[in-house]
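Heads up: the structure comes next, in structure tokens.
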Amino acid sequence: MPSILKRCEKREYRSSHKVHKRYHPYALVQASLPRHARHLGRGYGTATHIAEVMVARRRDDDPALEQLFHEHAERWKSETGHLSSAAKMVIHPSYLRIIGLGHEGLPLILRELRKRPDHWLIALNAITGEDPSPVGATFRDAVGAWIKWGESKGYC
């Protein structure tokens, strides 16, 4: 931690007659960022870095991840099964938490997609930023394209 503190700037804060010096909290975040993303105006770089740090701290490849996925998947299916709007389905908190699993959740989503095809395509697209299905594909074709994509990338 001392190396980060050396790079952080100290700021003075005045309260009545005393001058307090402390490390500015943004300076700590900024010092841990890669050099190209240190300017806080680059919100995307900052957000990406913070998300990567949180994911690295939060998960180790443990069976709890699979259990968490299945709990949220079952809750999502039971609470949104009656909806006809895909937009309403994908804003469900459990669906968003599954997206929050990131790349570690891809094998679980693809396995579920292979067993019971459902509206997982939006989650896959949100996590990967890719869409391997051809334009105008049917749901079945899109599912097949995602499974093929997962096999080619080593997720299946």
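Please note that chains go A, B, ... in the order of the structure tokens, that every chain numbers its residues from 1, and that ligands are numbered from 1 in the order shown.
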
Leaving out Arg111 of chain A and any residue of its chain fewer than 3 positions from it, which residues lie within 12 Å of it when counting only C-alpha atoms, given as a tab-separated table (two decimals) with N, CA and C atoms, in the first residue's frame?
chain	number	residue	atom	x	y	z
A	66	GLU	N	-21.80	-22.25	-9.33
A	66	GLU	CA	-22.79	-23.04	-10.05
A	66	GLU	C	-24.12	-23.06	-9.29
A	69	PHE	N	-25.76	-19.69	-9.74
A	69	PHE	CA	-26.34	-19.58	-11.07
A	69	PHE	C	-27.68	-20.30	-11.13
A	70	HIS	N	-27.73	-21.54	-10.66
A	70	HIS	CA	-28.96	-22.32	-10.75
A	70	HIS	C	-30.09	-21.71	-9.90
A	105	GLY	N	-19.48	-17.15	-15.81
A	105	GLY	CA	-20.81	-17.71	-15.96
A	105	GLY	C	-21.12	-18.23	-17.35
A	106	LEU	N	-20.26	-17.95	-18.32
A	106	LEU	CA	-20.52	-18.38	-19.69
A	106	LEU	C	-20.70	-19.90	-19.83
A	107	PRO	N	-19.83	-20.73	-19.26
A	107	PRO	CA	-20.05	-22.17	-19.41
A	107	PRO	C	-21.39	-22.62	-18.81
A	108	LEU	N	-21.79	-22.00	-17.72
A	108	LEU	CA	-23.06	-22.35	-17.08
A	108	LEU	C	-24.24	-21.94	-17.95
A	114	ARG	N	-28.05	-25.25	-23.84
A	114	ARG	CA	-28.04	-26.52	-24.56
A	114	ARG	C	-29.13	-27.46	-24.02
A	115	LYS	N	-29.30	-27.50	-22.69
A	115	LYS	CA	-30.32	-28.38	-22.09
A	115	LYS	C	-31.72	-27.87	-22.34
A	116	ARG	N	-31.96	-26.60	-21.97
A	116	ARG	CA	-33.29	-26.00	-22.06
A	116	ARG	C	-33.16	-24.62	-22.70
A	117	PRO	N	-33.29	-24.53	-24.02
A	117	PRO	CA	-33.17	-23.22	-24.68
A	117	PRO	C	-34.16	-22.22	-24.12
A	118	ASP	N	-33.67	-21.06	-23.79
A	118	ASP	CA	-34.49	-19.99	-23.24
A	118	ASP	C	-33.85	-18.67	-23.66
A	120	TRP	N	-31.49	-16.75	-23.11
A	120	TRP	CA	-30.14	-16.50	-22.60
A	120	TRP	C	-29.28	-15.74	-23.61
A	124	LEU	N	-25.76	-13.61	-23.02
A	124	LEU	CA	-24.51	-13.98	-23.70
A	124	LEU	C	-23.94	-12.79	-24.46
A	143	VAL	N	-29.57	-20.12	-31.19
A	143	VAL	CA	-29.10	-21.00	-30.12
A	143	VAL	C	-27.97	-21.88	-30.63
A	146	TRP	N	-24.75	-19.86	-30.99
A	146	TRP	CA	-24.10	-19.57	-29.71
A	146	TRP	C	-23.41	-20.81	-29.15
A	147	ILE	N	-24.03	-21.96	-29.28
A	147	ILE	CA	-23.40	-23.19	-28.79
A	147	ILE	C	-22.14	-23.49	-29.60
A	148	LYS	N	-22.23	-23.29	-30.91
A	148	LYS	CA	-21.04	-23.49	-31.75
A	148	LYS	C	-19.93	-22.49	-31.36
A	150	GLY	N	-19.51	-21.14	-28.40
A	150	GLY	CA	-18.99	-21.58	-27.10
A	150	GLY	C	-18.02	-22.74	-27.24
A	151	GLU	N	-18.31	-23.67	-28.14
A	151	GLU	CA	-17.40	-24.79	-28.37
A	151	GLU	C	-16.09	-24.31	-28.98
A	155	TYR	N	-15.72	-22.86	-24.09
A	155	TYR	CA	-16.63	-22.71	-22.95
A	155	TYR	C	-17.54	-23.92	-22.77
A	156	CYS	N	-17.72	-24.70	-23.81
A	156	CYS	CA	-18.61	-25.88	-23.73
A	156	CYS	C	-17.80	-27.16	-23.55

Which residue out of A:His119, A:Ser94, A:Lys153, A:Thr80 has the minimum interatomic distance to Pro132 of chain A when only C-alpha atoms are used?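 Among the listed residues, A:Lys153 lies closest to Pro132 of chain A.
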
Can you list, as a PyMOL selection string, every residue of segment 91-132 of chain A that DSSP puts in helix (DSSP H, G or I)? chain A and resi 93-100+102-115+121-128

Can you list, as a tab-separated table (two decimals) with C-alpha atoms, in the first residue's frame, every protein, DNA or RNA residue that comes within 12 Å of Pro134 of chain A when you count only C-alpha atoms, leaving out same-chain residues fewer than 3 positions away?
chain	number	residue	atom	x	y	z
A	130	GLU	CA	-20.43	-10.58	-29.61
A	131	ASP	CA	-23.32	-11.96	-31.63
A	137	ALA	CA	-31.82	-16.11	-37.81
A	138	THR	CA	-34.58	-17.98	-36.05
A	139	PHE	CA	-34.37	-18.63	-32.33
A	140	ARG	CA	-33.23	-22.22	-32.95
A	141	ASP	CA	-30.53	-21.02	-35.39
A	142	ALA	CA	-29.32	-18.40	-32.91
A	143	VAL	CA	-29.10	-21.00	-30.12
A	144	GLY	CA	-27.10	-23.29	-32.41
A	145	ALA	CA	-24.76	-20.43	-33.37
A	146	TRP	CA	-24.10	-19.57	-29.71
